[in-house]
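**Student:** Below is the file coords_4.pdb, which contains PDB, C-alpha atoms.
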```
MODEL        1
ATOM      1  CA  MET G  11     154.754   8.479 -98.232
ATOM      2  CA  PHE G  12     154.920   9.422-101.913
ATOM      3  CA  ASP G  13     158.026  10.240-103.850
ATOM      4  CA  ILE G  14     157.060  13.758-104.860
ATOM      5  CA  GLU G  15     159.762  16.288-105.720
ATOM      6  CA  PRO G  16     159.214  19.908-106.739
ATOM      7  CA  ILE G  17     159.340  20.643-110.473
ATOM      8  CA  GLY G  18     160.122  24.289-109.766
ATOM      9  CA  THR G  19     159.596  27.323-107.564
ATOM     10  CA  VAL G  20     157.205  30.255-107.771
ATOM     11  CA  HIS G  21     158.276  33.840-107.121
ATOM     12  CA  THR G  22     155.588  36.263-105.993
ATOM     13  CA  PRO G  23     155.361  39.582-104.141
ATOM     14  CA  ILE G  24     153.617  37.792-101.233
ATOM     15  CA  GLU G  25     155.996  37.411 -98.313
ATOM     16  CA  THR G  26     153.849  35.923 -95.549
ATOM     17  CA  SER G  27     150.581  34.026 -95.348
ATOM     18  CA  ARG G  28     148.978  37.124 -93.796
ATOM     19  CA  GLU G  29     149.505  38.917 -97.101
ATOM     20  CA  ALA G  30     148.017  36.109 -99.203
ATOM     21  CA  PRO G  31     145.058  37.533-101.095
ATOM     22  CA  SER G  32     141.582  36.064-100.890
ATOM     23  CA  GLN G  33     140.244  34.505-104.084
ATOM     24  CA  GLY G  34     138.518  37.659-105.207
ATOM     25  CA  LEU G  35     141.599  39.857-104.868
ATOM     26  CA  LYS G  36     144.373  37.806-106.358
ATOM     27  CA  ASP G  37     143.528  38.324-110.003
ATOM     28  CA  GLU G  38     145.984  41.086-110.768
ATOM     29  CA  ILE G  39     148.981  39.864-108.766
ATOM     30  CA  GLU G  40     151.862  38.738-110.969
ATOM     31  CA  GLY G  41     154.551  36.176-110.336
ATOM     32  CA  THR G  42     157.088  33.997-112.100
ATOM     33  CA  ILE G  43     157.326  30.227-112.081
ATOM     34  CA  GLU G  44     160.842  28.880-112.532
ATOM     35  CA  ILE G  45     160.635  25.334-113.806
ATOM     36  CA  ASP G  46     163.606  22.982-113.444
ATOM     37  CA  PRO G  47     165.307  23.002-116.894
ATOM     38  CA  ALA G  48     165.137  19.178-116.890
ATOM     39  CA  TYR G  49     161.400  19.581-117.586
ATOM     40  CA  GLU G  50     161.579  22.108-120.439
ATOM     41  CA  GLN G  51     160.117  19.563-122.875
ATOM     42  CA  ALA G  52     157.024  19.192-120.686
ATOM     43  CA  LEU G  53     156.177  22.880-121.215
ATOM     44  CA  GLN G  54     155.796  22.592-124.988
ATOM     45  CA  GLY G  55     152.773  24.470-126.273
ATOM     46  CA  ILE G  56     152.170  26.658-123.206
ATOM     47  CA  GLU G  57     151.946  30.277-124.330
ATOM     48  CA  ALA G  58     150.922  33.762-123.235
ATOM     49  CA  GLY G  59     147.161  33.993-122.736
ATOM     50  CA  ASP G  60     146.727  30.370-121.654
ATOM     51  CA  GLU G  61     144.864  29.548-118.458
ATOM     52  CA  ILE G  62     146.779  26.997-116.428
ATOM     53  CA  VAL G  63     146.425  25.309-113.071
ATOM     54  CA  VAL G  64     149.439  25.610-110.788
ATOM     55  CA  VAL G  65     149.697  22.816-108.218
ATOM     56  CA  TRP G  66     151.961  23.868-105.340
ATOM     57  CA  PHE G  67     152.823  22.936-101.804
ATOM     58  CA  ALA G  68     151.976  25.343 -98.972
ATOM     59  CA  ASP G  69     154.872  24.335 -96.774
ATOM     60  CA  GLU G  70     153.984  26.892 -94.102
ATOM     61  CA  ALA G  71     150.349  25.758 -93.740
ATOM     62  CA  ASP G  72     148.952  24.345 -90.504
ATOM     63  CA  ARG G  73     148.521  20.666 -91.331
ATOM     64  CA  SER G  74     146.804  19.798 -88.041
ATOM     65  CA  LEU G  75     143.752  21.968 -88.676
ATOM     66  CA  LEU G  76     140.609  19.953 -89.577
ATOM     67  CA  GLU G  77     138.045  22.746 -89.212
ATOM     68  CA  LEU G  78     138.350  26.299 -90.541
ATOM     69  CA  ASP G  79     139.627  28.729 -87.904
ATOM     70  CA  LYS G  80     137.267  31.444 -89.049
ATOM     71  CA  VAL G  81     134.238  29.227 -89.729
ATOM     72  CA  PRO G  82     133.900  26.660 -86.918
ATOM     73  CA  GLY G  83     131.889  23.668 -88.061
ATOM     74  CA  ARG G  84     133.187  23.852 -91.614
ATOM     75  CA  GLY G  85     135.708  21.125 -92.445
ATOM     76  CA  VAL G  86     138.914  21.957 -94.299
ATOM     77  CA  PHE G  87     138.005  19.429 -97.038
ATOM     78  CA  ASN G  88     134.915  21.605 -97.594
ATOM     79  CA  SER G  89     137.106  24.651 -98.327
ATOM     80  CA  ARG G  90     139.970  25.964-100.465
ATOM     81  CA  SER G  91     142.099  26.943 -97.445
ATOM     82  CA  PRO G  92     145.782  25.933 -97.706
ATOM     83  CA  ALA G  93     145.511  24.620 -94.117
ATOM     84  CA  ARG G  94     144.751  20.885 -94.488
ATOM     85  CA  PRO G  95     146.497  17.563 -93.848
ATOM     86  CA  ASN G  96     148.251  17.583 -97.255
ATOM     87  CA  PRO G  97     148.621  21.273 -98.133
ATOM     88  CA  ILE G  98     148.580  20.752-101.896
ATOM     89  CA  VAL G  99     147.013  23.894-103.344
ATOM     90  CA  ILE G 100     145.640  24.435-106.846
ATOM     91  CA  THR G 101     145.691  27.983-108.210
ATOM     92  CA  PRO G 102     144.357  28.865-111.656
ATOM     93  CA  CYS G 103     146.565  31.498-113.312
ATOM     94  CA  THR G 104     146.870  33.245-116.664
ATOM     95  CA  VAL G 105     150.182  32.906-118.501
ATOM     96  CA  THR G 106     151.608  36.326-119.387
ATOM     97  CA  GLU G 107     154.961  35.250-120.862
ATOM     98  CA  VAL G 108     157.034  32.146-121.486
ATOM     99  CA  SER G 109     160.794  32.484-121.694
ATOM    100  CA  GLY G 110     162.566  29.141-121.719
ATOM    101  CA  THR G 111     161.632  27.543-118.401
ATOM    102  CA  GLU G 112     160.452  30.822-116.816
ATOM    103  CA  ILE G 113     156.717  31.351-116.961
ATOM    104  CA  GLY G 114     155.186  34.704-116.093
ATOM    105  CA  VAL G 115     151.714  34.336-114.564
ATOM    106  CA  ARG G 116     148.941  36.598-113.330
ATOM    107  CA  GLY G 117     146.608  35.549-110.508
ATOM    108  CA  VAL G 118     149.061  34.219-107.947
ATOM    109  CA  ASP G 119     148.315  33.614-104.274
ATOM    110  CA  MET G 120     151.419  31.655-103.302
ATOM    111  CA  ILE G 121     153.954  32.813-100.755
ATOM    112  CA  ASP G 122     157.222  33.737-102.478
ATOM    113  CA  GLY G 123     159.469  30.716-102.884
ATOM    114  CA  SER G 124     156.742  28.067-102.624
ATOM    115  CA  PRO G 125     157.592  24.759-104.288
ATOM    116  CA  VAL G 126     155.620  23.943-107.447
ATOM    117  CA  LEU G 127     154.561  20.311-107.886
ATOM    118  CA  ASP G 128     152.782  20.375-111.236
ATOM    119  CA  LEU G 129     151.249  22.479-114.010
ATOM    120  CA  LYS G 130     148.105  21.428-115.895
ATOM    121  CA  SER G 131     145.828  22.846-118.505
ATOM    122  CA  THR G 132     142.438  23.994-117.228
ATOM    123  CA  LEU G 133     139.342  21.901-117.639
ATOM    124  CA  HIS G 134     137.209  23.790-120.117
ATOM    125  CA  ARG G 135     134.555  21.184-120.685
ATOM    126  CA  ASP G 136     132.352  21.969-117.723
ATOM    127  CA  LEU G 137     132.735  25.532-116.652
ATOM    128  CA  ASN G 138     130.979  24.887-113.389
ATOM    129  CA  GLN G 139     133.727  22.694-112.122
ATOM    130  CA  ALA G 140     137.243  23.326-110.978
TER     131      ALA G 140
ATOM    132  CA  MET Z  10     160.648  14.953-100.892
ATOM    133  CA  PHE Z  11     157.437  16.011 -99.186
ATOM    134  CA  ASP Z  12     155.759  14.263 -96.319
ATOM    135  CA  ILE Z  13     152.476  13.494 -98.070
ATOM    136  CA  GLU Z  14     150.335  10.603 -96.844
ATOM    137  CA  PRO Z  15     147.012   9.491 -98.326
ATOM    138  CA  ILE Z  16     143.891  10.706 -96.535
ATOM    139  CA  GLY Z  17     141.884   7.837 -98.022
ATOM    140  CA  THR Z  18     141.251   5.564-100.991
ATOM    141  CA  VAL Z  19     138.818   5.748-103.896
ATOM    142  CA  HIS Z  20     136.850   2.743-105.124
ATOM    143  CA  THR Z  21     135.688   2.806-108.732
ATOM    144  CA  PRO Z  22     134.631   0.315-111.420
ATOM    145  CA  ILE Z  23     137.789   1.186-113.410
ATOM    146  CA  GLU Z  24     140.325  -1.601-113.150
ATOM    147  CA  THR Z  25     143.127  -0.559-115.491
ATOM    148  CA  SER Z  26     144.320   2.682-117.046
ATOM    149  CA  ARG Z  27     143.075   1.403-120.428
ATOM    150  CA  GLU Z  28     139.539   1.558-119.065
ATOM    151  CA  ALA Z  29     139.898   5.096-117.711
ATOM    152  CA  PRO Z  30     137.298   7.279-119.399
ATOM    153  CA  SER Z  31     138.165  10.433-121.304
ATOM    154  CA  GLN Z  32     136.906  13.683-119.794
ATOM    155  CA  GLY Z  33     133.706  13.716-121.799
ATOM    156  CA  LEU Z  34     132.680  10.195-120.852
ATOM    157  CA  LYS Z  35     133.336  10.015-117.160
ATOM    158  CA  ASP Z  36     130.337  12.002-115.984
ATOM    159  CA  GLU Z  37     128.081   9.120-115.086
ATOM    160  CA  ILE Z  38     130.615   6.762-113.516
ATOM    161  CA  GLU Z  39     130.132   6.359-109.773
ATOM    162  CA  GLY Z  40     132.613   5.558-107.064
ATOM    163  CA  THR Z  41     133.130   5.771-103.332
ATOM    164  CA  ILE Z  42     135.817   7.640-101.450
ATOM    165  CA  GLU Z  43     136.766   6.105 -98.110
ATOM    166  CA  ILE Z  44     138.356   8.753 -95.945
ATOM    167  CA  ASP Z  45     140.531   7.781 -92.983
ATOM    168  CA  PRO Z  46     138.247   8.126 -89.914
ATOM    169  CA  ALA Z  47     140.923  10.327 -88.297
ATOM    170  CA  TYR Z  48     139.808  13.067 -90.717
ATOM    171  CA  GLU Z  49     136.036  12.868 -90.195
ATOM    172  CA  GLN Z  50     135.969  16.381 -88.736
ATOM    173  CA  ALA Z  51     137.522  17.763 -91.945
ATOM    174  CA  LEU Z  52     134.462  16.602 -93.935
ATOM    175  CA  GLN Z  53     131.965  18.742 -92.017
ATOM    176  CA  GLY Z  54     129.470  20.433 -94.291
ATOM    177  CA  ILE Z  55     130.040  18.277 -97.382
ATOM    178  CA  GLU Z  56     126.679  16.985 -98.586
ATOM    179  CA  ALA Z  57     124.912  15.309-101.489
ATOM    180  CA  GLY Z  58     124.771  17.601-104.522
ATOM    181  CA  ASP Z  59     128.041  19.387-103.758
ATOM    182  CA  GLU Z  60     130.699  19.694-106.433
ATOM    183  CA  ILE Z  61     134.102  18.808-105.021
ATOM    184  CA  VAL Z  62     137.622  18.444-106.338
ATOM    185  CA  VAL Z  63     139.282  15.114-105.599
ATOM    186  CA  VAL Z  64     143.088  15.286-105.537
ATOM    187  CA  TRP Z  65     144.579  11.807-105.990
ATOM    188  CA  PHE Z  66     147.807  10.085-106.886
ATOM    189  CA  ALA Z  67     148.010   8.084-110.123
ATOM    190  CA  ASP Z  68     150.524   5.579-108.820
ATOM    191  CA  GLU Z  69     150.537   3.609-112.079
ATOM    192  CA  ALA Z  70     151.269   6.618-114.300
ATOM    193  CA  ASP Z  71     154.428   6.891-116.412
ATOM    194  CA  ARG Z  72     156.398   9.581-114.598
ATOM    195  CA  SER Z  73     159.167   9.757-117.201
ATOM    196  CA  LEU Z  74     156.919  11.020-119.994
ATOM    197  CA  LEU Z  75     157.423  14.733-120.793
ATOM    198  CA  GLU Z  76     155.484  14.856-124.071
ATOM    199  CA  LEU Z  77     152.063  13.318-124.748
ATOM    200  CA  ASP Z  78     152.320   9.898-126.384
ATOM    201  CA  LYS Z  79     149.399  10.600-128.666
ATOM    202  CA  VAL Z  80     150.214  14.245-129.408
ATOM    203  CA  PRO Z  81     153.966  14.614-130.021
ATOM    204  CA  GLY Z  82     155.107  18.187-129.436
ATOM    205  CA  ARG Z  83     152.592  18.771-126.660
ATOM    206  CA  GLY Z  84     154.144  18.846-123.212
ATOM    207  CA  VAL Z  85     152.538  17.005-120.310
ATOM    208  CA  PHE Z  86     152.311  20.269-118.313
ATOM    209  CA  ASN Z  87     150.111  21.520-121.187
ATOM    210  CA  SER Z  88     147.643  18.647-120.628
ATOM    211  CA  ARG Z  89     145.472  16.894-118.040
ATOM    212  CA  SER Z  90     147.090  13.479-118.631
ATOM    213  CA  PRO Z  91     147.953  11.552-115.431
ATOM    214  CA  ALA Z  92     151.374  10.814-116.983
ATOM    215  CA  ARG Z  93     153.689  13.530-115.628
ATOM    216  CA  PRO Z  94     156.645  13.841-113.226
ATOM    217  CA  ASN Z  95     154.373  14.155-110.147
ATOM    218  CA  PRO Z  96     151.185  12.286-111.088
ATOM    219  CA  ILE Z  97     148.899  14.317-108.827
ATOM    220  CA  VAL Z  98     145.529  14.360-110.572
ATOM    221  CA  ILE Z  99     142.553  16.638-109.882
ATOM    222  CA  THR Z 100     139.107  15.291-110.719
ATOM    223  CA  PRO Z 101     135.929  17.318-110.199
ATOM    224  CA  CYS Z 102     133.103  15.082-108.926
ATOM    225  CA  THR Z 103     129.549  15.461-107.680
ATOM    226  CA  VAL Z 104     128.782  14.144-104.199
ATOM    227  CA  THR Z 105     125.875  11.682-104.263
ATOM    228  CA  GLU Z 106     125.887  10.582-100.623
ATOM    229  CA  VAL Z 107     127.813  11.083 -97.393
ATOM    230  CA  SER Z 108     127.759   8.349 -94.785
ATOM    231  CA  GLY Z 109     130.275   8.911 -92.005
ATOM    232  CA  THR Z 110     133.637   8.940 -93.743
ATOM    233  CA  GLU Z 111     132.349   7.269 -96.930
ATOM    234  CA  ILE Z 112     131.544   9.680 -99.728
ATOM    235  CA  GLY Z 113     129.653   8.549-102.817
ATOM    236  CA  VAL Z 114     130.692  10.493-105.909
ATOM    237  CA  ARG Z 115     129.718  10.661-109.569
ATOM    238  CA  GLY Z 116     132.227  11.573-112.275
ATOM    239  CA  VAL Z 117     135.199   9.415-111.334
ATOM    240  CA  ASP Z 118     138.140   8.589-113.586
ATOM    241  CA  MET Z 119     140.479   7.025-111.029
ATOM    242  CA  ILE Z 120     141.670   3.445-111.170
ATOM    243  CA  ASP Z 121     140.094   1.433-108.356
ATOM    244  CA  GLY Z 122     142.135   1.669-105.173
ATOM    245  CA  SER Z 123     143.940   4.911-106.018
ATOM    246  CA  PRO Z 124     145.182   6.868-103.014
ATOM    247  CA  VAL Z 125     143.363  10.139-102.302
ATOM    248  CA  LEU Z 126     145.519  13.065-101.160
ATOM    249  CA  ASP Z 127     142.952  15.807-100.609
ATOM    250  CA  LEU Z 128     139.380  17.016-101.137
ATOM    251  CA  LYS Z 129     138.512  20.663-101.852
ATOM    252  CA  SER Z 130     135.473  22.682-102.685
ATOM    253  CA  THR Z 131     135.283  23.853-106.287
ATOM    254  CA  LEU Z 132     136.191  27.364-107.282
ATOM    255  CA  HIS Z 133     132.909  28.962-108.290
ATOM    256  CA  ARG Z 134     134.111  32.519-108.629
ATOM    257  CA  ASP Z 135     135.465  32.324-112.129
ATOM    258  CA  LEU Z 136     133.747  29.609-114.067
ATOM    259  CA  ASN Z 137     136.331  29.734-116.831
ATOM    260  CA  GLN Z 138     139.021  28.429-114.579
ATOM    261  CA  ALA Z 139     139.721  25.075-113.060
TER     262      ALA Z 139
ENDMDL
END
```
Is it possible to express this structure as structure tokens?
**Tutor:**
Amino acid sequence: MFDIEPIGTVHTPIETSREAPSQGLKDEIEGTIEIDPAYEQALQGIEAGDEIVVVWFADEADRSLLELDKVPGRGVFNSRSPARPNPIVITPCTVTEVSGTEIGVRGVDMIDGSPVLDLKSTLHRDLNQA
Amino acid sequence: MFDIEPIGTVHTPIETSREAPSQGLKDEIEGTIEIDPAYEQALQGIEAGDEIVVVWFADEADRSLLELDKVPGRGVFNSRSPARPNPIVITPCTVTEVSGTEIGVRGVDMIDGSPVLDLKSTLHRDLNQA
């Protein structure tokens, strides 16, 4: 097991996994990431307008599922579904505001209160890849 | 702490972090991901030519670093560096071959033997995001 602790929490208007938007619909949903103040220095340079990758943990996901419920024969590793053995999810978002260790973002699909594991800059080099 | 266990291991020609290629140079480096046979069903549908995202753990990374060594004033959350509090790294790769639970990939930047936490399909919807 790895020693992985949350670096923060994300607040969104999504209360249950049934309300989680599909990829095409999430673009306009706004949320706030509260980063642990101990990590403020790690946020340096992030500003409104930036595209970032939010790495979070879907703690309500079904970790026993190996095949998509809705698409039998398609493996979970061949999908973006949160349901997978290690439900680590990566969601690209647009930063709308940075205020200390609170980051406003647009494009969220996390359930309210989900633990955040990491933030990264997006990979701009090859636009075909994510 | 989260209950996260590796789903496999990646084999690459990169032996130390000093040899790890920068983003622009990694494209042609090949490696093999060995997935735990317990998860074979989760691989269904992945085939040569696919672009996938490999989520792995940089267990040799400096987890205390909050600012880039080489770019003072730039926070690690505003970067793709493996050095960060939770060194979960996402590397887009191209599948070259699938043989049972062994997946050949091109575009690796992991140190040989790194634990793999997850595989995902790439996000093709918005090519500006990763």
**Student:** Can you show chain Z as a compact mmCIF listing (two decimals) with C-alpha atoms, in the coordinates of the input once it has been least-squares superposed onto chain G, using every C-alpha atom paired in order?
**Tutor:**
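Full text of out02.txt as output:
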```txt
# COMPACT_ATOMS: atom_id res chain seq x y z
CA MET Z 10 154.75 8.50 -98.24
CA PHE Z 11 154.92 9.41 -101.91
CA ASP Z 12 158.02 10.23 -103.86
CA ILE Z 13 157.04 13.76 -104.87
CA GLU Z 14 159.75 16.29 -105.72
CA PRO Z 15 159.20 19.91 -106.75
CA ILE Z 16 159.33 20.63 -110.47
CA GLY Z 17 160.13 24.28 -109.77
CA THR Z 18 159.58 27.32 -107.56
CA VAL Z 19 157.19 30.26 -107.77
CA HIS Z 20 158.27 33.84 -107.12
CA THR Z 21 155.59 36.27 -106.00
CA PRO Z 22 155.36 39.59 -104.14
CA ILE Z 23 153.62 37.80 -101.23
CA GLU Z 24 155.99 37.41 -98.32
CA THR Z 25 153.86 35.93 -95.55
CA SER Z 26 150.59 34.04 -95.34
CA ARG Z 27 149.00 37.15 -93.79
CA GLU Z 28 149.53 38.94 -97.09
CA ALA Z 29 148.03 36.15 -99.19
CA PRO Z 30 145.07 37.56 -101.09
CA SER Z 31 141.58 36.10 -100.88
CA GLN Z 32 140.24 34.54 -104.07
CA GLY Z 33 138.53 37.69 -105.25
CA LEU Z 34 141.58 39.89 -104.88
CA LYS Z 35 144.37 37.85 -106.35
CA ASP Z 36 143.53 38.34 -110.01
CA GLU Z 37 145.99 41.09 -110.77
CA ILE Z 38 148.98 39.87 -108.77
CA GLU Z 39 151.86 38.73 -110.96
CA GLY Z 40 154.55 36.18 -110.33
CA THR Z 41 157.07 34.00 -112.09
CA ILE Z 42 157.32 30.23 -112.08
CA GLU Z 43 160.83 28.87 -112.53
CA ILE Z 44 160.63 25.33 -113.80
CA ASP Z 45 163.59 22.97 -113.44
CA PRO Z 46 165.31 22.99 -116.88
CA ALA Z 47 165.13 19.17 -116.88
CA TYR Z 48 161.40 19.57 -117.59
CA GLU Z 49 161.57 22.10 -120.44
CA GLN Z 50 160.12 19.58 -122.89
CA ALA Z 51 157.02 19.19 -120.67
CA LEU Z 52 156.17 22.89 -121.21
CA GLN Z 53 155.79 22.61 -124.99
CA GLY Z 54 152.78 24.49 -126.28
CA ILE Z 55 152.17 26.67 -123.21
CA GLU Z 56 151.94 30.29 -124.33
CA ALA Z 57 150.92 33.76 -123.23
CA GLY Z 58 147.16 34.00 -122.72
CA ASP Z 59 146.73 30.38 -121.65
CA GLU Z 60 144.86 29.56 -118.46
CA ILE Z 61 146.78 26.99 -116.43
CA VAL Z 62 146.42 25.31 -113.07
CA VAL Z 63 149.44 25.61 -110.79
CA VAL Z 64 149.69 22.81 -108.22
CA TRP Z 65 151.96 23.86 -105.34
CA PHE Z 66 152.83 22.93 -101.80
CA ALA Z 67 151.98 25.34 -98.98
CA ASP Z 68 154.88 24.34 -96.77
CA GLU Z 69 153.98 26.89 -94.09
CA ALA Z 70 150.36 25.75 -93.74
CA ASP Z 71 148.96 24.34 -90.49
CA ARG Z 72 148.51 20.66 -91.32
CA SER Z 73 146.80 19.80 -88.03
CA LEU Z 74 143.75 21.97 -88.67
CA LEU Z 75 140.61 19.96 -89.57
CA GLU Z 76 138.05 22.75 -89.20
CA LEU Z 77 138.35 26.31 -90.54
CA ASP Z 78 139.63 28.73 -87.91
CA LYS Z 79 137.27 31.45 -89.04
CA VAL Z 80 134.26 29.23 -89.73
CA PRO Z 81 133.90 26.67 -86.92
CA GLY Z 82 131.89 23.65 -88.07
CA ARG Z 83 133.21 23.84 -91.61
CA GLY Z 84 135.72 21.14 -92.43
CA VAL Z 85 138.92 21.95 -94.31
CA PHE Z 86 138.00 19.42 -97.04
CA ASN Z 87 134.91 21.60 -97.60
CA SER Z 88 137.11 24.65 -98.33
CA ARG Z 89 139.97 25.95 -100.47
CA SER Z 90 142.11 26.94 -97.45
CA PRO Z 91 145.79 25.92 -97.71
CA ALA Z 92 145.52 24.62 -94.12
CA ARG Z 93 144.77 20.89 -94.46
CA PRO Z 94 146.50 17.54 -93.83
CA ASN Z 95 148.24 17.57 -97.25
CA PRO Z 96 148.62 21.26 -98.13
CA ILE Z 97 148.58 20.74 -101.90
CA VAL Z 98 147.02 23.89 -103.34
CA ILE Z 99 145.64 24.43 -106.85
CA THR Z 100 145.69 27.97 -108.20
CA PRO Z 101 144.35 28.88 -111.65
CA CYS Z 102 146.57 31.50 -113.31
CA THR Z 103 146.87 33.23 -116.66
CA VAL Z 104 150.18 32.90 -118.50
CA THR Z 105 151.61 36.32 -119.39
CA GLU Z 106 154.95 35.25 -120.86
CA VAL Z 107 157.04 32.15 -121.49
CA SER Z 108 160.80 32.49 -121.71
CA GLY Z 109 162.58 29.14 -121.71
CA THR Z 110 161.63 27.55 -118.41
CA GLU Z 111 160.45 30.81 -116.81
CA ILE Z 112 156.71 31.35 -116.96
CA GLY Z 113 155.17 34.70 -116.09
CA VAL Z 114 151.72 34.32 -114.56
CA ARG Z 115 148.93 36.59 -113.33
CA GLY Z 116 146.61 35.55 -110.50
CA VAL Z 117 149.05 34.20 -107.94
CA ASP Z 118 148.31 33.61 -104.27
CA MET Z 119 151.42 31.64 -103.30
CA ILE Z 120 153.95 32.81 -100.75
CA ASP Z 121 157.21 33.73 -102.48
CA GLY Z 122 159.46 30.72 -102.88
CA SER Z 123 156.74 28.07 -102.63
CA PRO Z 124 157.59 24.76 -104.29
CA VAL Z 125 155.62 23.94 -107.44
CA LEU Z 126 154.56 20.31 -107.88
CA ASP Z 127 152.78 20.38 -111.24
CA LEU Z 128 151.24 22.48 -114.02
CA LYS Z 129 148.09 21.43 -115.90
CA SER Z 130 145.82 22.86 -118.51
CA THR Z 131 142.44 24.00 -117.21
CA LEU Z 132 139.34 21.90 -117.63
CA HIS Z 133 137.22 23.81 -120.12
CA ARG Z 134 134.58 21.18 -120.71
CA ASP Z 135 132.37 21.93 -117.76
CA LEU Z 136 132.77 25.50 -116.68
CA ASN Z 137 130.97 24.87 -113.41
CA GLN Z 138 133.71 22.65 -112.15
CA ALA Z 139 137.20 23.29 -110.96
```
**Student:** Using all atoms listed in the file, which of G:Ile45, G:Leu78, G:Ile121, G:Leu53 sits nearest Arg90 of chain G?
**Tutor:** G:Leu78
**Student:** To one decimal place in Å, what is the distance between atom CA of Ile39 of chain G and atom CA of Phe87 of chain G?
**Tutor:**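 Calculated distance between atom CA of Ile39 of chain G and atom CA of Phe87 of chain G is 26.0 Å.
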**Student:** Can you list, as JSON, numbers by chain, the residues that the ChimeraX specification (/G :<7) & /Z selects here?
**Tutor:** {"Z": [10, 11, 12, 13, 14, 50, 51, 52, 53, 54, 55, 62, 75, 76, 82, 83, 84, 85, 86, 87, 88, 89, 95, 101, 126, 127, 128, 129, 130, 131, 132, 133, 136, 137, 138, 139]}
**Student:** Hey, what's within 8 Å of Gly18 of chain G if we count all atoms listed in the file and toss same-chain stuff fewer than 6 positions away? As a list in words, please?
**Tutor:**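 The filter keeps Ile43, Glu44, Ile45, Asp46, Pro125, Val126 and Leu127 of chain G.
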**Student:** Would you mind reading off the distance between atom CA of Thr105 of chain Z and atom CA of Glu39 of chain Z, one decimal, in Å?
**Tutor:**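 Going from atom CA of Thr105 of chain Z over to atom CA of Glu39 of chain Z, I get 8.8 Å.
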**Student:** Do you have the atom CA of Thr25 of chain Z-atom CA of Thr110 of chain Z distance handy?
**Tutor:**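 The value is 25.6 Å.
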**Student:** For Thr41 of chain Z, work out the shell of residues within 10 Å, counting all atoms listed in the file and skipping chain neighbours fewer than 3 positions away, then give it as a PyMOL selection string.
**Tutor:** chain Z and resi 18-22+44+104-107+111-115+117+121
**Student:** Each side padded by 3 Å, which centre and which edge lengths in Å (one decimal) define the axis-aligned box around the listed atoms of segment 87-91 of chain Z? Give them as lines of an AutoDock Vina configuration file.
**Tutor:**
```
center_x = 147.8
center_y = 16.5
center_z = -118.3
size_x = 10.6
size_y = 16.0
size_z = 11.8
```
**Student:** With distances taken over only C-alpha atoms, which of G:Lys36, G:Arg73, G:Glu25, G:Ala68 is nearest to Gly117 of chain G?
**Tutor:**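 Distance minimum relative to Gly117 of chain G lands on G:Lys36.
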**Student:** From the options G:Ala93, G:Ala30, G:Gly41, G:Met120, which residue's atoms come nearest to Ser74 of chain G, counting only C-alpha atoms?
**Tutor:** G:Ala93
**Student:** Using only C-alpha atoms, which of the listed residues (G:Pro31, G:Gly110, G:Gly123, G:Pro47) sits closest to Glu70 of chain G?
**Tutor:**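 Ranked by minimum distance to Glu70 of chain G, first place goes to G:Gly123.
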**Student:** Can I get a file of segment 35-43 of chain G from the given structure, N, CA, C and O atoms kept, as a PDB file, in the first residue's frame?
**Tutor:**
```
ATOM      1  N   LEU G  35     -20.865  17.086 -20.728  1.00  0.00           N
ATOM      2  CA  LEU G  35     -21.783  18.015 -20.065  1.00  0.00           C
ATOM      3  C   LEU G  35     -21.170  18.762 -18.905  1.00  0.00           C
ATOM      4  O   LEU G  35     -21.754  19.669 -18.358  1.00  0.00           O
ATOM      5  N   LYS G  36     -19.949  18.380 -18.542  1.00  0.00           N
ATOM      6  CA  LYS G  36     -19.409  18.921 -17.297  1.00  0.00           C
ATOM      7  C   LYS G  36     -18.798  20.312 -17.453  1.00  0.00           C
ATOM      8  O   LYS G  36     -18.538  20.980 -16.452  1.00  0.00           O
ATOM      9  N   ASP G  37     -18.637  20.750 -18.698  1.00  0.00           N
ATOM     10  CA  ASP G  37     -17.792  21.917 -18.931  1.00  0.00           C
ATOM     11  C   ASP G  37     -18.149  23.162 -18.139  1.00  0.00           C
ATOM     12  O   ASP G  37     -17.272  23.944 -17.783  1.00  0.00           O
ATOM     13  N   GLU G  38     -19.425  23.363 -17.897  1.00  0.00           N
ATOM     14  CA  GLU G  38     -19.812  24.634 -17.262  1.00  0.00           C
ATOM     15  C   GLU G  38     -20.003  24.524 -15.751  1.00  0.00           C
ATOM     16  O   GLU G  38     -20.355  25.498 -15.108  1.00  0.00           O
ATOM     17  N   ILE G  39     -19.803  23.340 -15.183  1.00  0.00           N
ATOM     18  CA  ILE G  39     -20.060  23.193 -13.748  1.00  0.00           C
ATOM     19  C   ILE G  39     -18.859  23.718 -12.956  1.00  0.00           C
ATOM     20  O   ILE G  39     -17.716  23.383 -13.254  1.00  0.00           O
ATOM     21  N   GLU G  40     -19.157  24.569 -11.961  1.00  0.00           N
ATOM     22  CA  GLU G  40     -18.071  25.185 -11.198  1.00  0.00           C
ATOM     23  C   GLU G  40     -17.932  24.582  -9.810  1.00  0.00           C
ATOM     24  O   GLU G  40     -18.897  24.112  -9.213  1.00  0.00           O
ATOM     25  N   GLY G  41     -16.711  24.584  -9.328  1.00  0.00           N
ATOM     26  CA  GLY G  41     -16.432  24.079  -7.991  1.00  0.00           C
ATOM     27  C   GLY G  41     -15.255  24.821  -7.394  1.00  0.00           C
ATOM     28  O   GLY G  41     -14.693  25.729  -8.012  1.00  0.00           O
ATOM     29  N   THR G  42     -14.912  24.443  -6.175  1.00  0.00           N
ATOM     30  CA  THR G  42     -13.788  25.076  -5.478  1.00  0.00           C
ATOM     31  C   THR G  42     -12.909  23.986  -4.886  1.00  0.00           C
ATOM     32  O   THR G  42     -13.405  23.054  -4.256  1.00  0.00           O
ATOM     33  N   ILE G  43     -11.614  24.109  -5.117  1.00  0.00           N
ATOM     34  CA  ILE G  43     -10.668  23.178  -4.511  1.00  0.00           C
ATOM     35  C   ILE G  43     -10.027  23.885  -3.325  1.00  0.00           C
ATOM     36  O   ILE G  43      -9.474  24.971  -3.470  1.00  0.00           O
TER      37      ILE G  43
END
```
